[in-house]
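Below is input18.cif, holding mmCIF, C-alpha atoms and all ligand atoms.
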```
data_data
loop_
_atom_site.label_atom_id
_atom_site.label_comp_id
_atom_site.auth_asym_id
_atom_site.auth_seq_id
_atom_site.Cartn_x
_atom_site.Cartn_y
_atom_site.Cartn_z
CA MET K 7 -16.19 -14.96 52.80
CA LYS K 8 -15.75 -15.40 49.11
CA THR K 9 -15.40 -19.02 48.03
CA ILE K 10 -18.40 -21.10 49.05
CA LEU K 11 -18.55 -24.88 48.69
CA VAL K 12 -22.08 -25.92 47.73
CA PRO K 13 -22.77 -29.66 48.07
CA GLY K 14 -26.09 -30.39 46.34
CA GLY K 15 -25.72 -27.18 44.30
CA ALA K 16 -27.37 -28.73 41.21
CA GLY K 17 -30.62 -29.41 43.08
CA TYR K 18 -33.72 -27.28 43.34
CA ILE K 19 -32.84 -24.86 46.14
CA GLY K 20 -29.09 -25.30 45.59
CA SER K 21 -29.15 -24.19 41.94
CA HIS K 22 -31.13 -21.03 42.73
CA THR K 23 -28.73 -20.22 45.55
CA VAL K 24 -25.67 -20.76 43.34
CA LEU K 25 -27.07 -18.27 40.84
CA ASP K 26 -27.68 -15.70 43.57
CA LEU K 27 -24.20 -16.27 45.04
CA ILE K 28 -22.63 -15.49 41.65
CA LYS K 29 -24.84 -12.41 41.27
CA LYS K 30 -23.66 -11.15 44.67
CA GLY K 31 -19.98 -11.62 43.83
CA PHE K 32 -19.26 -14.93 45.58
CA ASN K 33 -17.37 -17.80 44.04
CA PRO K 34 -19.50 -20.95 44.50
CA ILE K 35 -18.08 -24.44 43.93
CA ILE K 36 -20.71 -27.13 43.40
CA VAL K 37 -20.20 -30.70 44.58
CA ASP K 38 -22.95 -32.98 43.34
CA ASP K 39 -23.19 -36.64 42.41
CA PHE K 40 -26.29 -35.88 40.28
CA SER K 41 -28.09 -38.79 41.94
CA ASN K 42 -31.16 -36.62 42.35
CA SER K 43 -30.37 -33.75 40.00
CA SER K 44 -29.37 -33.18 36.40
CA LYS K 45 -25.98 -32.37 34.95
CA LYS K 46 -27.78 -30.06 32.53
CA VAL K 47 -28.22 -27.63 35.43
CA ILE K 48 -24.52 -26.78 35.23
CA THR K 49 -24.75 -25.64 31.61
CA ILE K 50 -27.96 -23.72 32.29
CA LEU K 51 -26.36 -21.98 35.29
CA GLU K 52 -23.44 -21.01 33.07
CA GLU K 53 -25.81 -19.57 30.49
CA LEU K 54 -27.87 -17.69 33.05
CA SER K 55 -24.90 -16.29 34.96
CA GLY K 56 -22.47 -15.82 32.07
CA GLU K 57 -19.79 -17.39 34.31
CA LYS K 58 -17.94 -20.69 34.26
CA ILE K 59 -19.36 -22.90 37.01
CA ASN K 60 -16.80 -24.77 39.09
CA PHE K 61 -18.11 -28.20 39.92
CA TYR K 62 -17.00 -31.60 41.12
CA GLU K 63 -19.06 -34.68 40.31
CA MET K 64 -18.76 -36.50 43.58
CA ASP K 65 -20.66 -37.92 46.54
CA ILE K 66 -19.79 -36.01 49.73
CA LYS K 67 -19.45 -39.31 51.57
CA ASN K 68 -16.20 -39.70 49.61
CA LYS K 69 -13.85 -38.34 52.27
CA GLU K 70 -10.66 -38.54 50.24
CA GLY K 71 -12.41 -36.77 47.35
CA LEU K 72 -13.60 -34.01 49.66
CA ARG K 73 -10.08 -33.57 51.04
CA LYS K 74 -8.84 -33.10 47.48
CA ILE K 75 -11.43 -30.35 46.91
CA PHE K 76 -10.36 -28.56 50.11
CA ARG K 77 -6.70 -28.86 49.10
CA GLU K 78 -7.37 -27.46 45.64
CA ASN K 79 -9.50 -24.51 46.75
CA LYS K 80 -9.33 -21.97 49.54
CA ILE K 81 -12.85 -22.49 50.84
CA ASP K 82 -14.30 -19.95 53.25
CA ALA K 83 -17.70 -21.48 54.00
CA VAL K 84 -20.00 -24.34 53.08
CA ILE K 85 -23.75 -24.39 52.33
CA ASN K 86 -24.86 -28.00 52.45
CA PHE K 87 -27.89 -28.85 50.32
CA ALA K 88 -26.87 -32.47 49.72
CA GLY K 89 -29.50 -34.77 51.09
CA PHE K 90 -32.46 -36.92 50.12
CA LYS K 91 -35.77 -35.18 50.73
CA ALA K 92 -38.77 -37.31 49.83
CA VAL K 93 -40.82 -38.08 52.92
CA GLY K 94 -42.59 -41.16 51.49
CA GLU K 95 -39.40 -42.66 50.10
CA SER K 96 -37.70 -42.20 53.48
CA VAL K 97 -40.40 -44.33 55.12
CA GLU K 98 -39.74 -47.10 52.58
CA LYS K 99 -35.94 -46.82 52.63
CA PRO K 100 -34.94 -45.56 56.08
CA LEU K 101 -31.37 -46.93 55.94
CA MET K 102 -30.74 -45.20 52.64
CA TYR K 103 -31.88 -41.90 54.18
CA TYR K 104 -29.91 -42.25 57.41
CA GLU K 105 -26.82 -43.38 55.52
CA ASN K 106 -26.91 -40.64 52.92
CA ASN K 107 -28.05 -37.66 54.97
CA LEU K 108 -26.16 -38.38 58.19
CA PHE K 109 -22.92 -39.85 56.85
CA GLY K 110 -22.79 -37.17 54.17
CA MET K 111 -23.01 -34.41 56.76
CA ILE K 112 -20.61 -36.05 59.22
CA THR K 113 -18.00 -36.65 56.52
CA LEU K 114 -18.30 -33.05 55.40
CA LEU K 115 -17.92 -31.72 58.96
CA GLU K 116 -14.88 -33.95 59.59
CA VAL K 117 -13.11 -32.68 56.49
CA MET K 118 -14.06 -29.07 57.24
CA LYS K 119 -12.51 -29.49 60.68
CA GLU K 120 -9.31 -30.95 59.22
CA PHE K 121 -8.97 -27.90 56.97
CA ASN K 122 -10.08 -25.47 59.67
CA VAL K 123 -13.06 -24.25 57.65
CA LYS K 124 -15.70 -23.86 60.33
CA ASN K 125 -18.48 -21.87 58.69
CA ILE K 126 -21.49 -23.91 57.63
CA VAL K 127 -25.09 -23.26 56.60
CA PHE K 128 -27.35 -26.29 56.85
CA SER K 129 -30.69 -26.87 55.05
CA SER K 130 -33.04 -27.75 57.84
CA SER K 131 -36.80 -27.87 57.67
CA ALA K 132 -40.00 -26.83 59.39
CA THR K 133 -40.53 -30.55 59.75
CA VAL K 134 -38.39 -30.46 62.93
CA TYR K 135 -41.33 -28.84 64.78
CA GLY K 136 -43.11 -32.16 64.38
CA VAL K 137 -46.81 -32.72 64.89
CA SER K 138 -47.28 -29.74 67.20
CA GLU K 139 -50.49 -27.78 66.82
CA LYS K 140 -49.13 -24.49 68.08
CA VAL K 141 -48.65 -22.13 65.15
CA PRO K 142 -46.84 -20.02 64.13
CA PHE K 143 -43.66 -21.93 64.81
CA VAL K 144 -40.88 -19.98 66.55
CA GLU K 145 -37.25 -21.08 66.75
CA THR K 146 -37.50 -21.35 70.56
CA ASP K 147 -40.25 -23.99 70.27
CA PRO K 148 -38.98 -27.47 71.12
CA MET K 149 -38.28 -29.82 68.25
CA GLY K 150 -41.34 -32.04 68.10
CA GLU K 151 -42.31 -35.60 67.34
CA VAL K 152 -41.26 -36.16 63.76
CA THR K 153 -43.12 -38.88 61.88
CA ASN K 154 -40.63 -40.01 59.22
CA PRO K 155 -36.93 -40.85 58.72
CA TYR K 156 -36.34 -37.86 56.41
CA GLY K 157 -37.50 -35.45 59.12
CA ARG K 158 -35.50 -37.32 61.75
CA THR K 159 -32.30 -36.83 59.75
CA LYS K 160 -32.95 -33.06 59.97
CA VAL K 161 -33.51 -33.24 63.75
CA ILE K 162 -30.43 -35.43 64.27
CA ILE K 163 -28.21 -33.14 62.17
CA GLU K 164 -29.38 -30.08 64.11
CA HIS K 165 -28.37 -31.93 67.31
CA ILE K 166 -25.01 -32.88 65.80
CA LEU K 167 -24.36 -29.24 64.90
CA MET K 168 -25.28 -28.03 68.37
CA ASP K 169 -23.04 -30.65 70.00
CA LEU K 170 -20.21 -29.66 67.70
CA ALA K 171 -20.57 -25.98 68.59
CA LYS K 172 -20.59 -26.89 72.29
CA SER K 173 -17.37 -28.88 71.93
CA ASP K 174 -15.54 -26.16 69.99
CA ASN K 175 -16.63 -22.53 70.04
CA THR K 176 -14.77 -21.64 66.86
CA TRP K 177 -17.57 -23.12 64.72
CA ASN K 178 -19.96 -20.75 63.01
CA ILE K 179 -23.18 -22.64 62.25
CA ILE K 180 -26.50 -21.56 60.78
CA ALA K 181 -29.43 -23.94 60.35
CA LEU K 182 -32.17 -22.57 58.10
CA ARG K 183 -35.56 -24.14 58.65
CA TYR K 184 -37.33 -23.91 55.32
CA PHE K 185 -41.10 -23.94 55.16
CA ASN K 186 -42.71 -25.07 51.85
CA PRO K 187 -40.63 -24.00 48.84
CA LEU K 188 -42.11 -23.38 45.43
CA GLY K 189 -41.57 -21.12 42.45
CA ALA K 190 -38.60 -21.03 40.12
CA HIS K 191 -36.13 -18.64 38.55
CA GLU K 192 -37.92 -16.07 36.37
CA SER K 193 -36.18 -17.42 33.25
CA GLY K 194 -38.20 -20.63 33.63
CA ARG K 195 -34.99 -22.58 32.97
CA ILE K 196 -34.29 -24.01 36.43
CA GLY K 197 -36.91 -25.32 38.83
CA GLU K 198 -38.13 -28.26 40.84
CA ASP K 199 -37.82 -31.57 39.01
CA PRO K 200 -39.19 -34.31 41.25
CA ASN K 201 -38.52 -37.96 40.45
CA GLY K 202 -41.64 -39.77 39.28
CA ILE K 203 -45.00 -38.71 40.69
CA PRO K 204 -44.51 -35.68 42.95
CA ASN K 205 -45.12 -35.93 46.70
CA ASN K 206 -45.47 -32.21 47.16
CA LEU K 207 -48.57 -30.23 46.38
CA SER K 208 -47.24 -27.57 44.02
CA PRO K 209 -45.50 -29.81 41.44
CA TYR K 210 -48.51 -32.12 41.65
CA ILE K 211 -50.90 -29.29 40.77
CA THR K 212 -48.72 -28.02 37.91
CA GLN K 213 -48.47 -31.55 36.49
CA VAL K 214 -52.27 -31.78 36.54
CA ALA K 215 -52.48 -28.39 34.84
CA VAL K 216 -50.03 -29.45 32.12
CA GLY K 217 -52.00 -32.68 31.53
CA LYS K 218 -49.47 -35.19 32.91
CA LEU K 219 -51.71 -36.19 35.83
CA ASP K 220 -55.50 -36.41 35.91
CA TYR K 221 -56.48 -34.75 39.16
CA VAL K 222 -55.16 -33.51 42.50
CA ARG K 223 -55.89 -35.62 45.52
CA VAL K 224 -56.76 -33.28 48.37
CA PHE K 225 -55.60 -35.09 51.48
CA GLY K 226 -58.48 -34.42 53.86
CA ASP K 227 -61.04 -31.62 54.12
CA ASP K 228 -61.91 -32.15 57.76
CA TYR K 229 -59.03 -30.28 59.42
CA GLU K 230 -59.71 -27.41 61.81
CA THR K 231 -58.79 -24.84 59.18
CA LYS K 232 -60.73 -22.19 57.29
CA ASP K 233 -61.87 -24.60 54.55
CA GLY K 234 -60.95 -27.92 56.16
CA THR K 235 -57.84 -28.52 54.03
CA GLY K 236 -54.21 -28.36 55.22
CA VAL K 237 -52.59 -24.94 55.58
CA ARG K 238 -48.91 -24.34 54.79
CA ASP K 239 -46.45 -21.48 54.55
CA TYR K 240 -45.37 -21.48 50.88
CA ILE K 241 -42.18 -19.59 50.14
CA HIS K 242 -40.56 -18.61 46.86
CA VAL K 243 -37.31 -20.46 46.18
CA LEU K 244 -35.66 -17.11 45.31
CA ASP K 245 -36.48 -15.83 48.80
CA LEU K 246 -34.95 -18.99 50.24
CA ALA K 247 -31.84 -18.50 48.10
CA LEU K 248 -31.45 -14.97 49.46
CA GLY K 249 -31.71 -16.32 53.02
CA HIS K 250 -28.48 -18.28 52.38
CA ILE K 251 -26.62 -15.19 51.18
CA LYS K 252 -27.73 -13.31 54.30
CA ALA K 253 -26.58 -16.27 56.41
CA ILE K 254 -23.11 -16.23 54.84
CA LYS K 255 -22.86 -12.51 55.57
CA LYS K 256 -23.83 -13.19 59.20
CA PHE K 257 -20.66 -15.29 59.56
CA GLU K 258 -18.76 -12.02 59.77
CA ASP K 259 -20.38 -11.42 63.22
CA SER K 260 -19.42 -13.34 66.36
CA LYS K 261 -19.05 -17.12 66.14
CA ALA K 262 -22.17 -18.99 67.21
CA VAL K 263 -24.77 -21.57 66.36
CA ARG K 264 -27.90 -19.92 65.03
CA ILE K 265 -31.26 -21.21 63.83
CA TYR K 266 -33.71 -19.30 61.63
CA ASN K 267 -37.14 -20.00 60.18
CA LEU K 268 -37.46 -19.04 56.54
CA GLY K 269 -41.15 -18.61 55.78
CA THR K 270 -43.53 -15.83 54.84
CA GLY K 271 -45.73 -16.14 57.93
CA GLU K 272 -48.79 -16.50 55.67
CA GLY K 273 -50.75 -19.74 55.52
CA TYR K 274 -52.55 -20.96 52.40
CA SER K 275 -54.86 -23.98 52.24
CA VAL K 276 -54.76 -26.71 49.60
CA LEU K 277 -57.92 -25.23 48.04
CA ASP K 278 -56.33 -21.74 48.05
CA MET K 279 -53.40 -23.18 46.13
CA ILE K 280 -55.62 -24.90 43.58
CA LYS K 281 -57.52 -21.64 43.07
CA ASN K 282 -54.33 -19.61 42.65
CA PHE K 283 -52.98 -22.08 40.11
CA GLU K 284 -56.30 -22.06 38.24
CA GLU K 285 -56.06 -18.29 37.93
CA VAL K 286 -52.43 -18.35 36.86
CA THR K 287 -52.74 -21.20 34.38
CA GLY K 288 -56.20 -20.29 33.07
CA LYS K 289 -57.11 -23.98 33.41
CA LYS K 290 -59.65 -25.80 35.53
CA ILE K 291 -57.75 -28.01 37.95
CA LYS K 292 -59.69 -31.13 38.82
CA TYR K 293 -59.46 -32.40 42.37
CA VAL K 294 -60.87 -35.18 44.49
CA VAL K 295 -60.97 -35.16 48.29
CA THR K 296 -59.37 -38.28 49.75
CA PRO K 297 -58.68 -39.30 53.38
CA ARG K 298 -55.95 -37.49 55.29
CA ARG K 299 -52.33 -38.43 54.54
CA SER K 300 -50.72 -40.01 57.58
CA GLY K 301 -48.24 -37.77 59.40
CA ASP K 302 -49.76 -34.51 58.09
CA ILE K 303 -50.71 -31.67 60.42
CA ALA K 304 -53.52 -29.16 59.99
CA GLU K 305 -51.47 -25.98 59.89
CA CYS K 306 -47.82 -25.10 59.56
CA TYR K 307 -46.53 -21.55 59.21
CA ALA K 308 -43.57 -19.58 60.40
CA ASP K 309 -42.79 -16.73 62.67
CA SER K 310 -39.75 -15.38 60.81
CA THR K 311 -39.15 -12.34 63.02
CA LYS K 312 -35.74 -13.64 64.08
CA ALA K 313 -34.47 -13.86 60.49
CA LYS K 314 -35.75 -10.35 59.88
CA GLU K 315 -34.10 -8.90 62.98
CA GLU K 316 -30.80 -10.76 62.87
CA LEU K 317 -30.23 -11.43 59.17
CA GLY K 318 -32.15 -8.52 57.68
CA TRP K 319 -34.05 -11.13 55.63
CA GLU K 320 -37.71 -11.03 54.74
CA ALA K 321 -39.71 -12.90 52.10
CA LYS K 322 -40.53 -10.57 49.21
CA TYR K 323 -42.53 -12.72 46.81
CA GLY K 324 -46.26 -13.29 47.16
CA ILE K 325 -48.27 -16.41 46.41
CA ARG K 326 -49.22 -15.21 42.94
CA GLU K 327 -45.59 -14.82 41.83
CA MET K 328 -44.74 -18.21 43.32
CA CYS K 329 -47.51 -19.88 41.31
CA GLU K 330 -46.65 -17.96 38.12
CA ASP K 331 -42.99 -18.91 38.34
CA SER K 332 -43.73 -22.58 39.12
CA TRP K 333 -46.09 -22.64 36.15
CA ARG K 334 -43.59 -21.03 33.74
CA TRP K 335 -41.02 -23.67 34.68
CA GLN K 336 -43.54 -26.51 34.30
CA LEU K 337 -44.84 -25.23 30.98
CA ASN K 338 -41.37 -24.75 29.49
CA ASN K 339 -40.16 -28.09 30.84
CA PRO K 340 -43.07 -30.55 31.03
CA ASN K 341 -40.60 -33.38 31.63
CA GLY K 342 -38.24 -31.43 33.87
CA TYR K 343 -34.61 -31.62 32.73
CA GLU K 344 -35.25 -34.79 30.71
CA ASP K 345 -35.86 -33.14 27.34
N1 LIG X 401 -51.32 -32.21 49.78
C1 LIG X 401 -52.46 -32.67 49.11
N2 LIG X 401 -52.29 -33.43 47.98
C2 LIG X 401 -51.05 -33.75 47.49
C3 LIG X 401 -49.90 -33.28 48.18
C4 LIG X 401 -50.08 -32.52 49.31
O1 LIG X 401 -53.60 -32.40 49.52
O2 LIG X 401 -50.96 -34.45 46.47
C5 LIG X 401 -51.49 -31.35 50.96
C6 LIG X 401 -50.89 -31.89 52.22
O3 LIG X 401 -51.81 -32.70 52.92
C7 LIG X 401 -50.52 -30.60 52.96
C8 LIG X 401 -50.16 -29.64 51.84
O4 LIG X 401 -50.80 -30.15 50.68
O5 LIG X 401 -51.62 -30.09 53.63
C9 LIG X 401 -48.67 -29.53 51.57
O6 LIG X 401 -48.12 -30.82 51.37
P1 LIG X 401 -46.65 -31.05 50.77
O7 LIG X 401 -46.45 -32.53 50.62
O8 LIG X 401 -46.45 -30.20 49.59
O9 LIG X 401 -45.72 -30.46 51.91
P2 LIG X 401 -45.60 -30.84 53.46
O10 LIG X 401 -46.04 -29.64 54.22
O11 LIG X 401 -46.23 -32.12 53.78
O12 LIG X 401 -44.04 -31.07 53.59
C10 LIG X 401 -43.12 -30.15 53.05
C11 LIG X 401 -41.88 -30.88 52.55
C12 LIG X 401 -41.12 -31.46 53.68
C13 LIG X 401 -40.86 -30.43 54.72
C14 LIG X 401 -42.14 -29.74 55.14
C15 LIG X 401 -41.82 -28.60 56.05
O13 LIG X 401 -42.24 -31.92 51.67
O14 LIG X 401 -39.89 -31.88 53.19
O15 LIG X 401 -42.80 -29.22 54.00
O16 LIG X 401 -42.96 -27.97 56.46
F1 LIG X 401 -40.31 -31.01 55.78
#
```
Step by step, read the file and then write its structure as C-alpha cells.
Amino acid sequence: MKTILVPGGAGYIGSHTVLDLIKKGFNPIIVDDFSNSSKKVITILEELSGEKINFYEMDIKNKEGLRKIFRENKIDAVINFAGFKAVGESVEKPLMYYENNLFGMITLLEVMKEFNVKNIVFSSSATVYGVSEKVPFVETDPMGEVTNPYGRTKVIIEHILMDLAKSDNTWNIIALRYFNPLGAHESGRIGEDPNGIPNNLSPYITQVAVGKLDYVRVFGDDYETKDGTGVRDYIHVLDLALGHIKAIKKFEDSKAVRIYNLGTGEGYSVLDMIKNFEEVTGKKIKYVVTPRRSGDIAECYADSTKAKEELGWEAKYGIREMCEDSWRWQLNNPNGYED
C-alpha cells in the first residue's frame, strides 16, 4: 500500500489526510474539481510537506478521466473524500446531492473494479445513526432515520459498499463514521473554509470571534442535557486524518468490509464550546438562544472502542487544542483561502 488516490484531497479533512499520508511515507494523488475547495491548498500542501503534490483537476464522475488516472498510476488504494456535505443545502438541492455523492462514488467503484484496485476507505458520518436517542453510538447499532438528503447519501453509500462486498469477497472496504470535526493543522495554513455563512457550530463561533458575524444562535436550550443545549462529540481533524492512515494499514489484514466510529467519546454542549472559545480567543462571544433547529438531536457521541481495538487508533487531542487550532486558522485567514 503505497500510492493512494485521494478524491476530494483539497478539502478540509482530505487536505489534512494528504499531509499525514506524505509524512508517513505514502504517495497520495489528489483528484479534485475544486468545486468546494481551493486550488491554493495544493501550493500550501507543497510548502508544508516539502514535496511535489500530484493532482488531477477533475470531477470523479468523469469516468474516462478516472480511467486515465488509473492507467497512468499504479494505485494501491483509494480514500474518497469527494462529496457535498452541507446539510441545509442538501435539503434545498436534493438532486444535486444525490447526483454528486452517489454517482461520484459509483463511478469511482466501477473504475476501481475495472483496474482491480479493491481497497477503499469511505468518509461516512455519525449522521447515519439518525435521530436515535441511545448514546453512545456503537457500530452495531442500526442505521437510523436520517432527516436530510446529505445524510441519506451516506447511508445509501454504506449499503452500496456492503452489497459490493457481498457480491465479491475480494473487496477491502472501510467506512469511517466521523463525529464532529474541528481544529486545523498547527501551522494555521490549512483549515475549514465553509462557503458563505457556516452551518456548523465551530466555524460559526470563530467567525463571531473574528468579527465577521454578530452573534451565535444557540439552537435550543431545552434539550435533556446538562445545560439544555445540544451535546456533540467534537474531534480534531488531525485525529481524523490519522484514522485514515490506520485504515490503509488495516488493508494488509484479511479482506473484509469494516465500519468504525471516529470520535473522542466525550460530549460537549453548545455552551461548553462557546466558553472554550471565549477562553482561547480572549473575547466575549455573544449568543442568543433561538428555537431548536429541525432535525437536530439532543446528544451525539461515539463509542470508539472498535477503532481502538482493531485499528490501534485513539483520539489524542483535547477540546482546548481543537479550539486553539481552529482559532489560529480563522485568525490567520479571516476570509478562508480567498485572500
Ligand atoms: N448549533 C448551534 N448554532 C449553530 C450551529 C450549530 O446551536 O449556529 C448546535 C446544533 O444545534 C448542535 C451543535 O451545535 O447541537 C452542533 O451542530 P453542527 O451543525 O456543528 O453539527 P451537527 O452535529 O448538526 O452535524 C455535524 C455535521 C454533519 C454530520 C454530523 C455527524 O454537520 O455533516 O455532525 O454527527 F453528519
Show me a table, sorted first by chain and then by increasing residue number, of the residues of chain K having an atom at most 7 Å from ligand LIG 401 (chain X), each with its shortest atom pair and the distance in Å to one decimal, counting all atoms listed in the file and written as a tab-separated table.
```
residue	atom	partner	partner_atom	distance
K:Lys91	CA	X:LIG401	O14	5.8
K:Ala92	CA	X:LIG401	O14	6.5
K:Val93	CA	X:LIG401	O14	6.3
K:Ser131	CA	X:LIG401	F1	5.1
K:Ala132	CA	X:LIG401	C15	4.2
K:Thr133	CA	X:LIG401	F1	4.0
K:Gly157	CA	X:LIG401	F1	6.2
K:Tyr184	CA	X:LIG401	C15	6.5
K:Phe185	CA	X:LIG401	O16	4.6
K:Asn186	CA	X:LIG401	O15	4.7
K:Asn205	CA	X:LIG401	O7	5.4
K:Asn206	CA	X:LIG401	O8	3.3
K:Leu207	CA	X:LIG401	C3	3.8
K:Ser208	CA	X:LIG401	O8	6.2
K:Tyr210	CA	X:LIG401	O2	5.9
K:Val222	CA	X:LIG401	O2	5.9
K:Arg223	CA	X:LIG401	N2	4.9
K:Val224	CA	X:LIG401	O1	3.5
K:Phe225	CA	X:LIG401	O1	3.9
K:Gly226	CA	X:LIG401	O1	6.8
K:Thr235	CA	X:LIG401	O5	6.4
K:Gly236	CA	X:LIG401	O5	3.5
K:Val237	CA	X:LIG401	O5	5.6
K:Arg238	CA	X:LIG401	O10	6.1
K:Val276	CA	X:LIG401	O4	5.4
K:Arg298	CA	X:LIG401	O3	6.8
K:Arg299	CA	X:LIG401	O3	6.0
K:Asp302	CA	X:LIG401	O3	5.8
K:Ala304	CA	X:LIG401	O5	6.7
K:Cys306	CA	X:LIG401	O16	6.4
```
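Counting only C-alpha atoms, Leu108 (chain K) has the following residues at most 7 Å away, ignoring those fewer than 4 positions along the same chain: Tyr104, Ile112, Thr159 and Ile163 of chain K.
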Taking C-alpha atoms for each residue, export the selection above as an mmCIF file, keeping the file's coordinate frame.
```cif
data_model
loop_
_atom_site.group_PDB
_atom_site.id
_atom_site.type_symbol
_atom_site.label_atom_id
_atom_site.label_comp_id
_atom_site.auth_asym_id
_atom_site.auth_seq_id
_atom_site.Cartn_x
_atom_site.Cartn_y
_atom_site.Cartn_z
ATOM 1 C CA TYR K 104 -29.910 -42.250 57.410
ATOM 2 C CA ILE K 112 -20.610 -36.050 59.220
ATOM 3 C CA THR K 159 -32.300 -36.830 59.750
ATOM 4 C CA ILE K 163 -28.210 -33.140 62.170
#
```
Restricting the calculation to only C-alpha atoms: of K:His242, K:His165, K:Lys124, K:Arg158, which residue gets closest to Glu327 (chain K)?
K:His242
Which residue out of K:Arg264, K:Lys289, K:Lys255, K:Lys281 has the minimum interatomic distance to Gly217 (chain K) when all atoms listed in the file are used?
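Under the stated criterion, the closest residue is K:Lys289.
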Spatial neighbours of Gly94 (chain K), max dist 10 Å, only C-alpha atoms, sep filter under 2 positions, as number ranges by chain
K: 91-92, 96-100, 154-156, 205
Output file for the selection above: C-alpha atoms, as a short mmCIF file (atom, residue, chain, number, x, y, z; two decimals), in the coordinates of the input:
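Saved file out_24.cif follows:
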```cif
data_model
loop_
_atom_site.label_atom_id
_atom_site.label_comp_id
_atom_site.auth_asym_id
_atom_site.auth_seq_id
_atom_site.Cartn_x
_atom_site.Cartn_y
_atom_site.Cartn_z
CA LYS K 91 -35.77 -35.18 50.73
CA ALA K 92 -38.77 -37.31 49.83
CA SER K 96 -37.70 -42.20 53.48
CA VAL K 97 -40.40 -44.33 55.12
CA GLU K 98 -39.74 -47.10 52.58
CA LYS K 99 -35.94 -46.82 52.63
CA PRO K 100 -34.94 -45.56 56.08
CA ASN K 154 -40.63 -40.01 59.22
CA PRO K 155 -36.93 -40.85 58.72
CA TYR K 156 -36.34 -37.86 56.41
CA ASN K 205 -45.12 -35.93 46.70
#
```
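Nearest residue to Val137 (chain K), choosing from K:Leu72, K:Ser300, K:Leu11, K:Leu317 and counting all atoms listed in the file: K:Ser300.
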Just the number, please: distance in Å from CA of Pro148 (chain K) to CA of Ile166 (chain K), one decimal.
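Between these atoms lies a distance of 15.9 Å.
If only C-alpha atoms are the atoms counted, then among K:Val141, K:Met118, K:Leu25, K:Leu54 the closest residue to Glu305 (chain K) is K:Val141.
For the pair CA of Pro200 (chain K) and CA of Val214 (chain K), the interatomic distance is 14.1 Å.
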Using Å and a single decimal, report how far CA of Glu116 (chain K) sits from CA of Lys261 (chain K).
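Between these atoms lies a distance of 18.5 Å.
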So that I can check the surroundings of Glu192 (chain K), please list as a PyMOL selection string every protein, DNA and RNA residue that reaches within 10 Å of it, counting all atoms listed in the file and ignoring chain neighbours fewer than 3 positions away.
chain K and resi 189+195-197+244+327-328+330-332+334-335
Tell me which of K:Glu57, K:Lys69, K:Lys232, K:Ile211 sits closest to Lys29 (chain K), counting only C-alpha atoms.
K:Glu57
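Minimum distance to Ala313 (chain K) across K:Glu145, K:Glu164, K:Glu284, K:Glu78 (counting all atoms listed in the file) occurs at K:Glu145.
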So that I can see what lies close to Tyr266 (chain K), please list as a list in words the residues with an atom at most 8 Å from it, counting all atoms listed in the file and leaving out residues fewer than 3 positions away in the same chain.
Glu145, Ile180, Ala181, Leu182, Arg183, Ser310, Lys312 and Ala313 of chain K
Mind listing as a list in words all residues within 9 Å of (-21.3, -32.0, 41.2), counting all atoms listed in the file?
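Result, sorted by chain then residue number: Val12, Pro13, Gly14, Gly15, Ala16, Ile35, Ile36, Val37, Asp38, Asp39, Phe40, Lys45, Ile48, Asn60, Phe61, Tyr62, Glu63, Met64 and Asp65 of chain K.
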Neighbouring residues of Thr270 (chain K) were defined as those with any atom within 7 Å, considering all atoms listed in the file; residues of the same chain fewer than 3 positions away were excluded. Please report them as a list in words.
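Residues meeting the cut-off are Asp239, Ile241, Ala308 and Ala321 of chain K.
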Place N, CA and C atoms on region 331-342 of chain K and deliver the coordinates as a short mmCIF file (atom, residue, chain, number, x, y, z; two decimals), keeping the file's coordinate frame.
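The file below, result_3.cif, is the result:
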```cif
data_model
loop_
_atom_site.label_atom_id
_atom_site.label_comp_id
_atom_site.auth_asym_id
_atom_site.auth_seq_id
_atom_site.Cartn_x
_atom_site.Cartn_y
_atom_site.Cartn_z
N ASP K 331 -44.34 -18.42 38.66
CA ASP K 331 -42.99 -18.91 38.34
C ASP K 331 -42.94 -20.43 38.29
N SER K 332 -43.68 -21.11 39.18
CA SER K 332 -43.73 -22.58 39.12
C SER K 332 -44.35 -23.01 37.79
N TRP K 333 -45.37 -22.28 37.39
CA TRP K 333 -46.09 -22.64 36.15
C TRP K 333 -45.21 -22.41 34.92
N ARG K 334 -44.48 -21.29 34.88
CA ARG K 334 -43.59 -21.03 33.74
C ARG K 334 -42.58 -22.16 33.57
N TRP K 335 -41.99 -22.57 34.70
CA TRP K 335 -41.02 -23.67 34.68
C TRP K 335 -41.67 -24.96 34.17
N GLN K 336 -42.86 -25.28 34.69
CA GLN K 336 -43.54 -26.51 34.30
C GLN K 336 -43.92 -26.51 32.82
N LEU K 337 -44.41 -25.35 32.37
CA LEU K 337 -44.84 -25.23 30.98
C LEU K 337 -43.66 -25.34 30.01
N ASN K 338 -42.55 -24.70 30.36
CA ASN K 338 -41.37 -24.75 29.49
C ASN K 338 -40.69 -26.11 29.54
N ASN K 339 -40.88 -26.83 30.65
CA ASN K 339 -40.16 -28.09 30.84
C ASN K 339 -41.12 -29.16 31.36
N PRO K 340 -42.07 -29.59 30.52
CA PRO K 340 -43.07 -30.55 31.03
C PRO K 340 -42.44 -31.82 31.60
N ASN K 341 -41.27 -32.18 31.09
CA ASN K 341 -40.60 -33.38 31.63
C ASN K 341 -39.36 -33.01 32.44
N GLY K 342 -39.39 -31.87 33.06
CA GLY K 342 -38.24 -31.43 33.87
C GLY K 342 -37.01 -31.27 33.00
#
```
